[in-house]
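A.B. asks: This one is structure.cif, mmCIF, C-alpha atoms.
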```
data_target
loop_
_atom_site.label_atom_id
_atom_site.label_comp_id
_atom_site.auth_asym_id
_atom_site.auth_seq_id
_atom_site.Cartn_x
_atom_site.Cartn_y
_atom_site.Cartn_z
CA MET A 11 -30.65 28.03 -48.65
CA LYS A 12 -29.07 31.46 -48.17
CA GLN A 13 -25.67 29.82 -47.72
CA VAL A 14 -26.14 27.92 -51.00
CA GLU A 15 -27.04 31.18 -52.76
CA LYS A 16 -23.88 32.83 -51.41
CA TYR A 17 -21.74 29.95 -52.66
CA ALA A 18 -23.52 30.16 -56.01
CA LEU A 19 -22.75 33.87 -56.27
CA TRP A 20 -19.04 33.24 -55.67
CA LEU A 21 -19.06 30.34 -58.14
CA GLY A 22 -20.73 32.57 -60.71
CA LEU A 23 -18.20 35.36 -60.26
CA ILE A 24 -15.25 32.96 -60.45
CA SER A 25 -16.75 31.29 -63.54
CA ALA A 26 -17.33 34.68 -65.15
CA VAL A 27 -13.68 35.64 -64.62
CA ALA A 28 -12.58 32.24 -65.99
CA LEU A 29 -14.90 32.76 -68.99
CA LEU A 30 -13.33 36.14 -69.71
CA LEU A 31 -9.88 34.55 -69.52
CA ALA A 32 -10.98 31.70 -71.86
CA ILE A 33 -12.24 34.25 -74.40
CA ILE A 34 -8.99 36.23 -74.26
CA ILE A 35 -6.76 33.14 -74.55
CA ASP A 36 -9.17 31.58 -77.10
CA TRP A 37 -9.84 28.34 -75.21
CA GLU A 38 -12.87 27.44 -77.31
CA ASN A 39 -13.61 24.17 -75.47
CA PHE A 40 -14.11 26.04 -72.18
CA ILE A 41 -16.26 28.94 -73.40
CA ALA A 42 -19.58 27.03 -73.63
CA PRO A 43 -19.48 25.23 -70.25
CA LEU A 44 -18.16 28.29 -68.43
CA SER A 45 -20.90 30.45 -69.98
CA VAL A 46 -23.62 28.08 -68.77
CA ILE A 47 -22.08 27.61 -65.30
CA SER A 48 -21.59 31.33 -64.72
CA ALA A 49 -25.12 32.17 -65.99
CA ILE A 50 -26.84 29.59 -63.77
CA ALA A 51 -24.72 30.29 -60.70
CA LEU A 52 -25.17 34.06 -60.95
CA SER A 53 -28.94 33.64 -61.42
CA VAL A 54 -29.12 31.64 -58.19
CA GLY A 55 -26.66 33.83 -56.31
CA MET A 56 -28.08 37.23 -57.19
CA ARG A 57 -30.87 36.68 -54.64
CA THR A 58 -28.27 37.57 -51.99
CA VAL A 59 -27.89 41.07 -53.49
CA ALA A 60 -30.91 43.20 -52.56
CA ALA A 61 -30.56 45.54 -55.55
CA LEU A 62 -30.65 42.60 -57.99
CA LYS A 63 -33.56 40.56 -56.58
CA SER A 64 -36.10 42.10 -58.94
CA TYR A 65 -33.97 41.05 -61.93
CA GLN A 66 -33.82 37.33 -61.09
CA TYR A 67 -36.65 36.35 -63.44
CA THR A 68 -34.83 38.13 -66.29
CA ALA A 69 -31.62 36.36 -65.30
CA TRP A 70 -33.26 32.94 -65.73
CA ILE A 71 -34.51 33.98 -69.17
CA LEU A 72 -30.89 34.83 -70.05
CA VAL A 73 -29.84 31.40 -68.73
CA ALA A 74 -32.34 29.83 -71.14
CA ILE A 75 -30.86 31.80 -74.03
CA VAL A 76 -27.27 30.89 -73.10
CA CYS A 77 -28.14 27.17 -72.84
CA GLY A 78 -30.08 27.23 -76.11
CA MET A 79 -27.28 29.03 -77.95
CA PHE A 80 -24.36 26.88 -76.75
CA TYR A 81 -26.08 23.48 -76.56
CA PRO A 82 -28.93 23.60 -79.13
CA SER A 83 -29.05 19.87 -79.82
CA ALA A 84 -29.71 19.15 -76.12
CA PHE A 85 -32.94 21.18 -76.25
CA LEU A 86 -34.38 20.14 -79.59
CA GLN A 87 -34.79 16.41 -79.36
CA TRP A 88 -34.55 13.74 -76.66
CA GLY A 89 -34.21 10.42 -78.43
CA SER A 90 -37.13 10.24 -80.84
CA PHE A 91 -39.13 12.88 -78.95
CA ASP A 92 -39.18 16.37 -80.48
CA LEU A 93 -39.15 19.07 -77.78
CA ARG A 94 -40.71 21.43 -80.33
CA ASN A 95 -43.79 19.21 -80.61
CA LYS A 96 -46.74 21.61 -80.96
CA TRP A 97 -48.84 19.71 -78.40
CA LEU A 98 -46.04 19.89 -75.84
CA ILE A 99 -45.59 23.63 -76.50
CA LEU A 100 -49.37 24.06 -76.16
CA ILE A 101 -49.45 22.27 -72.79
CA VAL A 102 -46.45 24.20 -71.45
CA VAL A 103 -47.92 27.55 -72.53
CA GLN A 104 -51.27 26.59 -71.00
CA VAL A 105 -49.51 25.81 -67.71
CA VAL A 106 -47.81 29.22 -67.89
CA MET A 107 -51.12 30.97 -68.55
CA PHE A 108 -52.87 29.00 -65.82
CA GLY A 109 -50.15 30.07 -63.39
CA MET A 110 -50.66 33.65 -64.56
CA GLY A 111 -54.41 33.27 -64.11
CA THR A 112 -54.08 32.07 -60.50
CA GLN A 113 -52.70 35.53 -59.69
CA MET A 114 -55.79 37.15 -61.20
CA SER A 115 -59.28 37.50 -59.79
CA ILE A 116 -62.75 38.07 -61.16
CA ARG A 117 -62.61 41.36 -59.23
CA ASP A 118 -59.85 42.55 -61.58
CA PHE A 119 -62.60 43.41 -64.06
CA TYR A 120 -64.34 45.74 -61.60
CA GLY A 121 -61.92 48.53 -62.53
CA ILE A 122 -63.75 48.95 -65.83
CA LYS A 123 -66.57 50.73 -63.96
CA THR A 124 -64.35 53.29 -62.20
CA MET A 125 -61.48 53.66 -64.68
CA GLY A 126 -63.28 53.41 -68.00
CA LYS A 127 -61.25 56.18 -69.66
CA GLY A 128 -57.90 54.73 -68.58
CA VAL A 129 -58.91 51.25 -69.74
CA LEU A 130 -60.12 52.56 -73.11
CA VAL A 131 -56.93 54.57 -73.70
CA GLY A 132 -54.76 51.64 -72.65
CA ILE A 133 -56.55 49.12 -74.88
CA LEU A 134 -56.49 51.42 -77.91
CA CYS A 135 -52.76 52.05 -77.43
CA GLN A 136 -52.07 48.35 -76.82
CA PHE A 137 -53.64 47.09 -80.04
CA THR A 138 -52.62 49.95 -82.36
CA ILE A 139 -49.19 51.30 -81.38
CA MET A 140 -47.31 48.03 -81.00
CA PRO A 141 -48.60 46.16 -84.09
CA ILE A 142 -48.10 49.24 -86.30
CA VAL A 143 -44.61 49.98 -84.92
CA GLY A 144 -43.75 46.29 -85.40
CA TYR A 145 -44.92 46.45 -89.03
CA MET A 146 -42.89 49.62 -89.69
CA LEU A 147 -39.76 47.98 -88.25
CA THR A 148 -40.17 44.99 -90.57
CA ARG A 149 -40.18 47.38 -93.53
CA ILE A 150 -37.13 49.27 -92.27
CA PHE A 151 -35.02 46.18 -91.47
CA ASN A 152 -36.35 44.13 -94.39
CA PHE A 153 -36.48 40.86 -92.44
CA GLU A 154 -37.43 37.55 -94.05
CA PRO A 155 -41.24 37.11 -94.23
CA GLU A 156 -41.67 34.64 -91.34
CA ILE A 157 -39.32 36.54 -89.03
CA ALA A 158 -41.13 39.79 -89.92
CA ALA A 159 -44.45 38.11 -89.13
CA GLY A 160 -43.06 37.15 -85.71
CA ILE A 161 -42.26 40.79 -84.91
CA ILE A 162 -45.78 41.84 -85.83
CA LEU A 163 -47.13 38.90 -83.83
CA ILE A 164 -45.50 39.87 -80.54
CA GLY A 165 -46.59 43.46 -81.11
CA SER A 166 -50.17 42.24 -81.59
CA CYS A 167 -50.28 40.23 -78.36
CA SER A 168 -51.83 41.51 -75.15
CA SER A 169 -49.80 42.40 -72.08
CA GLY A 170 -49.03 39.77 -69.43
CA LEU A 171 -48.47 39.65 -65.68
CA ALA A 172 -44.93 41.04 -66.12
CA SER A 173 -46.50 44.47 -66.71
CA ASN A 174 -48.41 44.20 -63.41
CA VAL A 175 -45.15 43.41 -61.58
CA MET A 176 -43.39 46.38 -63.20
CA VAL A 177 -46.29 48.73 -62.36
CA PHE A 178 -46.13 47.52 -58.75
CA ILE A 179 -42.38 48.22 -58.63
CA ALA A 180 -42.92 51.66 -60.18
CA LYS A 181 -45.64 52.47 -57.59
CA ALA A 182 -47.97 53.47 -60.41
CA ASN A 183 -51.69 52.64 -60.80
CA LEU A 184 -51.71 48.90 -60.07
CA THR A 185 -55.52 48.60 -60.18
CA LEU A 186 -55.59 50.05 -63.70
CA SER A 187 -52.72 47.76 -64.72
CA VAL A 188 -54.47 44.60 -63.52
CA THR A 189 -57.73 45.65 -65.21
CA LEU A 190 -55.95 46.46 -68.48
CA THR A 191 -54.19 43.09 -68.50
CA ALA A 192 -57.48 41.28 -67.85
CA VAL A 193 -59.42 43.16 -70.54
CA ALA A 194 -56.60 42.97 -73.13
CA THR A 195 -56.34 39.22 -72.54
CA LEU A 196 -60.07 38.77 -73.18
CA LEU A 197 -59.86 40.86 -76.37
CA ALA A 198 -56.77 39.04 -77.68
CA PRO A 199 -58.68 36.25 -79.52
CA ILE A 200 -60.20 38.92 -81.79
CA MET A 201 -57.63 41.73 -81.85
CA THR A 202 -54.45 39.66 -82.28
CA PRO A 203 -55.68 37.71 -85.35
CA LEU A 204 -57.20 40.92 -86.77
CA MET A 205 -53.92 42.85 -86.56
CA MET A 206 -52.00 39.85 -87.89
CA LYS A 207 -54.40 39.54 -90.83
CA LEU A 208 -54.11 43.25 -91.64
CA LEU A 209 -50.37 43.70 -91.12
CA ALA A 210 -48.72 40.28 -91.49
CA GLY A 211 -51.01 38.75 -94.12
CA THR A 212 -48.53 39.59 -96.88
CA TYR A 213 -45.70 37.80 -95.02
CA VAL A 214 -47.37 34.53 -94.03
CA GLU A 215 -50.78 32.98 -94.51
CA ILE A 216 -53.06 33.96 -91.61
CA ASP A 217 -56.18 31.94 -90.93
CA PHE A 218 -58.23 34.36 -88.80
CA ILE A 219 -60.59 31.73 -87.34
CA ASP A 220 -57.82 29.23 -86.66
CA MET A 221 -55.73 31.86 -84.85
CA CYS A 222 -58.78 32.88 -82.80
CA MET A 223 -59.22 29.24 -81.78
CA GLN A 224 -55.54 28.88 -80.92
CA ILE A 225 -55.56 31.96 -78.68
CA ILE A 226 -58.68 30.73 -76.92
CA LYS A 227 -56.94 27.39 -76.27
CA ILE A 228 -53.57 28.92 -75.37
CA VAL A 229 -54.73 31.88 -73.27
CA ILE A 230 -58.45 32.11 -72.52
CA VAL A 231 -59.06 28.47 -71.52
CA PRO A 232 -56.24 28.19 -68.92
CA ILE A 233 -56.86 31.67 -67.50
CA GLY A 234 -60.59 30.86 -67.48
CA ALA A 235 -59.84 27.71 -65.47
CA ALA A 236 -57.92 29.81 -62.94
CA LEU A 237 -60.71 32.38 -62.71
CA LEU A 238 -63.20 29.53 -62.25
CA TYR A 239 -61.14 28.47 -59.24
CA ASP A 240 -61.37 32.04 -57.94
CA VAL A 241 -65.15 32.13 -58.40
CA TYR A 242 -65.56 28.69 -56.80
CA SER A 243 -63.34 29.49 -53.80
CA GLN A 244 -65.32 32.65 -53.06
CA ASP A 245 -68.69 31.07 -53.94
CA PHE A 246 -69.25 34.21 -55.99
CA LYS A 247 -73.03 34.87 -56.12
CA GLY A 248 -73.69 31.27 -55.17
CA ALA A 249 -71.75 29.89 -58.15
CA ARG A 250 -70.61 26.63 -56.54
CA LYS A 251 -73.76 24.68 -57.34
CA ARG A 252 -73.65 25.72 -60.99
CA ILE A 253 -69.94 24.90 -61.26
CA ASN A 254 -70.51 21.50 -59.63
CA THR A 255 -73.21 20.75 -62.21
CA ALA A 256 -70.91 21.91 -65.03
CA PHE A 257 -68.12 19.74 -63.63
CA PHE A 258 -70.19 16.53 -63.87
CA VAL A 259 -71.43 17.45 -67.36
CA ALA A 260 -67.85 18.15 -68.47
CA PHE A 261 -66.56 14.95 -66.91
CA GLY A 262 -69.26 12.89 -68.62
CA TRP A 263 -68.65 14.59 -71.98
CA LEU A 264 -64.87 14.02 -71.91
CA LEU A 265 -65.33 10.43 -70.77
CA ALA A 266 -67.63 9.87 -73.77
CA MET A 267 -64.99 11.44 -76.02
CA ILE A 268 -62.35 9.02 -74.75
CA PHE A 269 -64.59 6.00 -75.32
CA GLY A 270 -65.52 6.67 -78.94
CA LEU A 271 -67.68 9.80 -79.27
CA TRP A 272 -64.82 11.73 -80.90
CA ASN A 273 -64.31 9.09 -83.61
CA PHE A 274 -68.06 8.89 -84.18
CA LEU A 275 -68.43 12.68 -84.61
CA GLU A 276 -65.32 12.83 -86.79
CA SER A 277 -66.82 10.30 -89.20
CA LEU A 278 -69.95 12.43 -89.61
CA SER A 279 -68.70 16.04 -89.36
CA SER A 280 -66.61 18.49 -91.34
CA GLU A 281 -63.21 19.76 -90.23
CA SER A 282 -64.64 23.11 -89.08
CA THR A 283 -67.26 21.33 -86.98
CA MET A 284 -64.57 19.21 -85.34
CA GLN A 285 -62.64 22.40 -84.53
CA ILE A 286 -65.67 23.56 -82.55
CA VAL A 287 -65.93 20.17 -80.83
CA GLU A 288 -62.23 20.38 -79.95
CA LEU A 289 -62.78 23.84 -78.47
CA ILE A 290 -65.70 22.49 -76.40
CA ASN A 291 -63.36 19.78 -75.11
CA PHE A 292 -60.85 22.40 -73.99
CA ILE A 293 -63.56 24.47 -72.27
CA PHE A 294 -64.91 21.45 -70.43
CA GLY A 295 -61.34 20.57 -69.51
CA ALA A 296 -60.98 24.05 -68.00
CA VAL A 297 -64.07 23.45 -65.82
CA ILE A 298 -62.55 20.22 -64.50
CA VAL A 299 -59.11 21.75 -63.90
CA GLY A 300 -60.57 24.81 -62.12
CA LYS A 301 -62.58 22.71 -59.68
CA LEU A 302 -59.84 20.12 -59.08
CA TYR A 303 -57.33 22.91 -58.49
CA TYR A 304 -59.60 24.30 -55.76
CA HIS A 305 -59.60 20.95 -53.95
CA LEU A 306 -55.85 20.58 -54.46
CA VAL A 307 -55.19 24.03 -52.94
CA THR A 308 -57.59 23.27 -50.09
CA PHE A 309 -55.58 20.12 -49.37
CA LYS A 310 -52.16 21.79 -49.89
CA PRO A 311 -52.38 25.64 -49.77
CA THR A 312 -48.67 26.12 -50.58
CA ILE A 313 -49.39 24.94 -54.15
CA HIS A 314 -51.06 28.28 -54.89
CA ASN A 315 -47.86 30.18 -54.05
CA PHE A 316 -45.85 27.76 -56.20
CA MET A 317 -47.83 28.48 -59.39
CA PRO A 318 -45.93 31.67 -60.41
CA ILE A 319 -42.67 29.71 -60.05
CA LEU A 320 -44.10 26.94 -62.24
CA SER A 321 -45.05 29.59 -64.80
CA MET A 322 -41.50 30.91 -64.75
CA PHE A 323 -40.10 27.42 -65.41
CA GLY A 324 -42.53 27.07 -68.33
CA ILE A 325 -41.33 30.36 -69.83
CA VAL A 326 -37.71 29.27 -69.37
CA TYR A 327 -38.54 25.98 -71.15
CA PHE A 328 -40.01 27.42 -74.33
CA THR A 329 -37.43 30.25 -74.38
CA THR A 330 -34.68 27.61 -74.34
CA VAL A 331 -36.34 25.50 -77.05
CA THR A 332 -37.10 28.55 -79.22
CA THR A 333 -33.53 29.82 -78.87
CA ALA A 334 -32.12 26.38 -79.75
CA ALA A 335 -34.41 26.12 -82.79
CA SER A 336 -33.60 29.70 -83.88
CA ARG A 337 -29.84 29.55 -83.20
CA ASP A 338 -28.75 29.88 -86.83
CA ASN A 339 -31.07 32.83 -87.39
CA ILE A 340 -29.90 34.49 -84.16
CA LEU A 341 -26.24 34.15 -85.20
CA THR A 342 -27.06 35.63 -88.61
CA ILE A 343 -29.44 38.49 -87.78
CA GLY A 344 -29.63 38.42 -83.98
CA ILE A 345 -28.13 41.89 -83.56
CA PHE A 346 -30.77 43.38 -85.90
CA ILE A 347 -33.60 41.57 -84.09
CA LEU A 348 -32.25 42.90 -80.77
CA LEU A 349 -32.06 46.43 -82.20
CA ALA A 350 -35.63 46.10 -83.47
CA SER A 351 -36.77 44.90 -80.03
CA ILE A 352 -35.12 47.90 -78.32
CA ILE A 353 -36.75 50.38 -80.72
CA HIS A 354 -40.13 48.62 -80.56
CA ASN A 355 -40.09 48.51 -76.77
CA ALA A 356 -38.89 52.11 -76.35
CA LEU A 357 -41.54 53.47 -78.71
CA GLY A 358 -44.18 51.50 -76.83
CA TYR A 359 -43.23 53.18 -73.55
CA THR A 360 -42.91 56.60 -75.20
CA PHE A 361 -46.15 56.61 -77.19
CA GLY A 362 -48.07 54.89 -74.39
CA TYR A 363 -47.02 57.55 -71.89
CA TRP A 364 -47.39 60.68 -73.99
CA ILE A 365 -50.63 59.73 -75.73
CA SER A 366 -52.11 59.06 -72.29
CA ARG A 367 -50.88 62.46 -71.08
CA ALA A 368 -52.36 64.15 -74.16
CA LEU A 369 -55.70 62.49 -73.42
CA GLY A 370 -55.73 63.81 -69.87
CA LEU A 371 -54.76 60.81 -67.70
CA ASP A 372 -52.89 61.46 -64.45
CA LYS A 373 -49.15 60.75 -64.19
CA ASP A 374 -49.46 57.38 -62.43
CA SER A 375 -52.01 56.16 -64.95
CA CYS A 376 -49.78 57.32 -67.83
CA ARG A 377 -46.88 55.32 -66.41
CA THR A 378 -49.18 52.33 -66.09
CA VAL A 379 -50.36 52.58 -69.70
CA ALA A 380 -46.74 52.97 -70.86
CA LEU A 381 -45.71 49.73 -69.14
CA GLU A 382 -48.82 47.89 -70.32
CA VAL A 383 -48.21 48.96 -73.92
CA GLY A 384 -44.46 48.34 -73.87
CA LEU A 385 -44.60 44.85 -72.34
CA GLN A 386 -46.23 42.10 -74.43
CA ASN A 387 -47.11 38.51 -73.58
CA GLY A 388 -44.14 36.59 -75.02
CA GLY A 389 -45.68 33.31 -73.93
CA MET A 390 -48.70 33.88 -76.14
CA ALA A 391 -46.46 34.76 -79.11
CA SER A 392 -44.32 31.64 -78.60
CA GLY A 393 -47.39 29.45 -78.23
CA LEU A 394 -48.91 30.76 -81.45
CA ALA A 395 -45.62 30.34 -83.31
CA GLY A 396 -45.43 26.77 -82.01
CA SER A 397 -49.00 26.02 -83.11
CA MET A 398 -48.07 27.29 -86.59
CA GLY A 399 -45.07 24.94 -86.62
CA LYS A 400 -42.74 27.92 -87.12
CA LEU A 401 -40.98 28.21 -83.77
CA ALA A 402 -37.55 28.85 -85.32
CA THR A 403 -38.75 31.77 -87.47
CA VAL A 404 -42.06 33.27 -86.33
CA GLY A 405 -41.06 32.47 -82.73
CA LEU A 406 -37.66 34.16 -83.02
CA ALA A 407 -38.93 37.64 -82.13
CA ALA A 408 -40.56 36.36 -78.93
CA ALA A 409 -37.27 34.72 -77.88
CA VAL A 410 -35.32 37.97 -78.34
CA PHE A 411 -37.97 40.54 -77.38
CA SER A 412 -39.03 38.90 -74.09
CA PRO A 413 -35.67 39.17 -72.24
CA TRP A 414 -35.19 42.75 -73.38
CA MET A 415 -38.71 43.72 -72.31
CA ASN A 416 -38.03 42.35 -68.83
CA ILE A 417 -34.71 44.18 -68.57
CA SER A 418 -36.04 47.53 -69.83
CA GLY A 419 -39.26 47.20 -67.82
CA SER A 420 -37.31 46.59 -64.62
CA LEU A 421 -35.01 49.53 -65.31
CA LEU A 422 -37.87 51.92 -66.13
CA ALA A 423 -40.00 50.78 -63.19
CA ASN A 424 -37.12 51.18 -60.72
CA TYR A 425 -36.28 54.59 -62.21
CA TRP A 426 -39.86 55.83 -61.78
CA ARG A 427 -40.01 54.39 -58.26
CA LYS A 428 -36.81 56.17 -57.20
CA LYS A 429 -37.97 59.39 -58.84
CA GLU A 430 -41.26 59.22 -56.92
CA GLU A 431 -39.45 58.47 -53.65
CA GLU A 432 -37.16 61.49 -54.20
CA ILE A 433 -40.18 63.76 -54.72
CA VAL A 434 -41.84 62.45 -51.55
CA SER A 435 -38.58 62.88 -49.63
CA LYS A 436 -38.24 66.51 -50.75
CA GLU A 437 -41.85 67.24 -49.81
CA ASP A 438 -41.31 65.72 -46.36
CA THR A 439 -38.14 67.79 -45.88
CA ALA A 440 -39.91 70.96 -46.92
#
```
In structure tokens, what does this structure look like?
C.D. replies:
Amino acid sequence: MKQVEKYALWLGLISAVALLLAIIIDWENFIAPLSVISAIALSVGMRTVAALKSYQYTAWILVAIVCGMFYPSAFLQWGSFDLRNKWLILIVVQVVMFGMGTQMSIRDFYGIKTMGKGVLVGILCQFTIMPIVGYMLTRIFNFEPEIAAGIILIGSCSSGLASNVMVFIAKANLTLSVTLTAVATLLAPIMTPLMMKLLAGTYVEIDFIDMCMQIIKIVIVPIGAALLYDVYSQDFKGARKRINTAFFVAFGWLLAMIFGLWNFLESLSSESTMQIVELINFIFGAVIVGKLYYHLVTFKPTIHNFMPILSMFGIVYFTTVTTAASRDNILTIGIFILLASIIHNALGYTFGYWISRALGLDKDSCRTVALEVGLQNGGMASGLAGSMGKLATVGLAAAVFSPWMNISGSLLANYWRKKEEEIVSKEDTA
């Protein structure tokens, strides 16, 4: 495998040089294929360069953008099947969130007891700074309503596992980071629709209850399934018997749904009642998935280590589709969206850090809060945009913001890590 990665690196470098030559000579027919080849090859090959390993995830996001920009039709529709289908986007995002959840544990919530102040500061910063900054940027840049709503949306989302990775790289307070991510994720079904209703309600119609339901389906249900696996595998406080009972109830309920109960209830109930029934179906589905995943991992333990990779592929998928769907908008206003993402992200880090300092948190905790505030869950934003049927407009911000957040987060985390190592080195020398 290492030999393949070395060959890929050389192929990427040669392709990049050829691409530069094609741009200079204006060989238009070669620019698109050379861009894709060099992006993919360099993403594979950069694993051979130690200093670039931590940027590989970001590199694959850039591959998705390159493919979506140069070959949009290939990632919008396959035959009669629409790759932007909201159910497909929902399933892919749920897989991403489930993969994220498998890296979490019920013990992640224990930090609330010992780090209450840090958690409170982080949550307040998370759900105030980023939505408000996003709203202010929409007023400054005067974006179209749906694109503006997308900027507010990504600012209103909770942080994801990327922030935990960056905090780990920075050698900051990882326990606080994991707890903040867990708590922010649980609060998202209320806080994200609330901020969207308050700040984006003039741009697009926001149905508070519907958005709550969508976030529960997109985020809480798959992460809940993963946490159920964690509880079951540890037999936390003797939970296995209760989960086994819930599994058979859930299995019976969903079987009844398949064989006519859904149609029967639909004929008798209102639309809002059926929304609740649909949510119950998702929750019962999470119980089944959590237990089956435990048995699958017991049979094949390597599957557990593969889940983050599967999540990455899911993120690459909807980034590619979103980019392809948003291509015309990106070509028209892409530079302004990128500028907005840089300002939004930078202010998140800045306000997150200095507000935490002003409130008396230690340096490591301040760095943690800064990264948690500055890095949002792009998957959640894309999933919500997809559920609204507005991937090309509301989803545009997520497609542009996510790669930049990964790049800036990696740079900042590595900078803080090196700075800390230099301080330790000087103290050891002294």
A.B. asks: Care to translate the PyMOL selection byres ((chain A and resi 57-70) around 10) into actual residues of this file, as a PyMOL selection string?
C.D. replies: chain A and resi 12-16+18-19+49-50+52-56+71-76+172+175-176+179+319+322-323+325-326+329+412-417+420-421+424
A.B. asks: Got time to write the residues from that selection, C-alpha atoms, as a PDB file, in the frame of the given file?
C.D. replies:
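Contents of the output file result_5.pdb:
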```
ATOM      1  CA  LYS A  12     -29.070  31.460 -48.170  1.00  0.00           C
ATOM      2  CA  GLN A  13     -25.670  29.820 -47.720  1.00  0.00           C
ATOM      3  CA  VAL A  14     -26.140  27.920 -51.000  1.00  0.00           C
ATOM      4  CA  GLU A  15     -27.040  31.180 -52.760  1.00  0.00           C
ATOM      5  CA  LYS A  16     -23.880  32.830 -51.410  1.00  0.00           C
ATOM      6  CA  ALA A  18     -23.520  30.160 -56.010  1.00  0.00           C
ATOM      7  CA  LEU A  19     -22.750  33.870 -56.270  1.00  0.00           C
ATOM      8  CA  ALA A  49     -25.120  32.170 -65.990  1.00  0.00           C
ATOM      9  CA  ILE A  50     -26.840  29.590 -63.770  1.00  0.00           C
ATOM     10  CA  LEU A  52     -25.170  34.060 -60.950  1.00  0.00           C
ATOM     11  CA  SER A  53     -28.940  33.640 -61.420  1.00  0.00           C
ATOM     12  CA  VAL A  54     -29.120  31.640 -58.190  1.00  0.00           C
ATOM     13  CA  GLY A  55     -26.660  33.830 -56.310  1.00  0.00           C
ATOM     14  CA  MET A  56     -28.080  37.230 -57.190  1.00  0.00           C
ATOM     15  CA  ILE A  71     -34.510  33.980 -69.170  1.00  0.00           C
ATOM     16  CA  LEU A  72     -30.890  34.830 -70.050  1.00  0.00           C
ATOM     17  CA  VAL A  73     -29.840  31.400 -68.730  1.00  0.00           C
ATOM     18  CA  ALA A  74     -32.340  29.830 -71.140  1.00  0.00           C
ATOM     19  CA  ILE A  75     -30.860  31.800 -74.030  1.00  0.00           C
ATOM     20  CA  VAL A  76     -27.270  30.890 -73.100  1.00  0.00           C
ATOM     21  CA  ALA A 172     -44.930  41.040 -66.120  1.00  0.00           C
ATOM     22  CA  VAL A 175     -45.150  43.410 -61.580  1.00  0.00           C
ATOM     23  CA  MET A 176     -43.390  46.380 -63.200  1.00  0.00           C
ATOM     24  CA  ILE A 179     -42.380  48.220 -58.630  1.00  0.00           C
ATOM     25  CA  ILE A 319     -42.670  29.710 -60.050  1.00  0.00           C
ATOM     26  CA  MET A 322     -41.500  30.910 -64.750  1.00  0.00           C
ATOM     27  CA  PHE A 323     -40.100  27.420 -65.410  1.00  0.00           C
ATOM     28  CA  ILE A 325     -41.330  30.360 -69.830  1.00  0.00           C
ATOM     29  CA  VAL A 326     -37.710  29.270 -69.370  1.00  0.00           C
ATOM     30  CA  THR A 329     -37.430  30.250 -74.380  1.00  0.00           C
ATOM     31  CA  SER A 412     -39.030  38.900 -74.090  1.00  0.00           C
ATOM     32  CA  PRO A 413     -35.670  39.170 -72.240  1.00  0.00           C
ATOM     33  CA  TRP A 414     -35.190  42.750 -73.380  1.00  0.00           C
ATOM     34  CA  MET A 415     -38.710  43.720 -72.310  1.00  0.00           C
ATOM     35  CA  ASN A 416     -38.030  42.350 -68.830  1.00  0.00           C
ATOM     36  CA  ILE A 417     -34.710  44.180 -68.570  1.00  0.00           C
ATOM     37  CA  SER A 420     -37.310  46.590 -64.620  1.00  0.00           C
ATOM     38  CA  LEU A 421     -35.010  49.530 -65.310  1.00  0.00           C
ATOM     39  CA  ASN A 424     -37.120  51.180 -60.720  1.00  0.00           C
TER      40      ASN A 424
END
```
A.B. asks: So which residues get picked by the PyMOL selection byres ((chain A and resi 300-307) around 10) here, written as a PyMOL selection string?
C.D. replies: chain A and resi 108+112+232-243+250+253-254+256-257+294-299+308-315
A.B. asks: Using Å and a single decimal, report how far CA of Ser336 (chain A) sits from CA of Leu394 (chain A).
C.D. replies: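 Calculated distance between CA of Leu394 (chain A) and CA of Ser336 (chain A) is 15.5 Å.
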A.B. asks: Write out as a ChimeraX atom specification which residues come within 9 Å of Cys167 (chain A) when counting all atoms listed in the file, dropping same-chain ones fewer than 2 positions away.
C.D. replies: /A:136-137,140-141,162-165,169,194-195,198,201-202,386-388,390-391
A.B. asks: Can you spell out as an NGL selection string the set of residues that the PyMOL selection byres ((chain A and resi 405-410) around 6) selects in the structure I just provided?
C.D. replies: :A and (160-161 or 329 or 388 or 392 or 395 or 401-404 or 411-412)
A.B. asks: Would you write out those residues with C-alpha atoms, as a PDB file, in the frame of the given file?
C.D. replies:
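As a result, selection-v4.pdb now contains:
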```pdb
ATOM      1  CA  GLY A 160     -43.060  37.150 -85.710  1.00  0.00           C
ATOM      2  CA  ILE A 161     -42.260  40.790 -84.910  1.00  0.00           C
ATOM      3  CA  THR A 329     -37.430  30.250 -74.380  1.00  0.00           C
ATOM      4  CA  GLY A 388     -44.140  36.590 -75.020  1.00  0.00           C
ATOM      5  CA  SER A 392     -44.320  31.640 -78.600  1.00  0.00           C
ATOM      6  CA  ALA A 395     -45.620  30.340 -83.310  1.00  0.00           C
ATOM      7  CA  LEU A 401     -40.980  28.210 -83.770  1.00  0.00           C
ATOM      8  CA  ALA A 402     -37.550  28.850 -85.320  1.00  0.00           C
ATOM      9  CA  THR A 403     -38.750  31.770 -87.470  1.00  0.00           C
ATOM     10  CA  VAL A 404     -42.060  33.270 -86.330  1.00  0.00           C
ATOM     11  CA  PHE A 411     -37.970  40.540 -77.380  1.00  0.00           C
ATOM     12  CA  SER A 412     -39.030  38.900 -74.090  1.00  0.00           C
TER      13      SER A 412
END
```
A.B. asks: Record the distance separating CA of Asn291 (chain A) and CA of Trp97 (chain A), expressed in Å with one decimal.
C.D. replies: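 Separating CA of Asn291 (chain A) from CA of Trp97 (chain A) is a distance of 14.9 Å.
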A.B. asks: (-16.0, 26.3, -72.1) in this file's frame - what residues fall within 12 Å of it? Use all atoms listed in the file and give the answer as a list in words.
C.D. replies: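 Output of the proximity query reads Ser25, Ala26, Ala28, Leu29, Leu30, Leu31, Ala32, Ile33, Ile35, Asp36, Trp37, Glu38, Asn39, Phe40, Ile41, Ala42, Pro43, Leu44, Ser45, Val46, Ile47, Ser48, Phe80 and Tyr81 of chain A.
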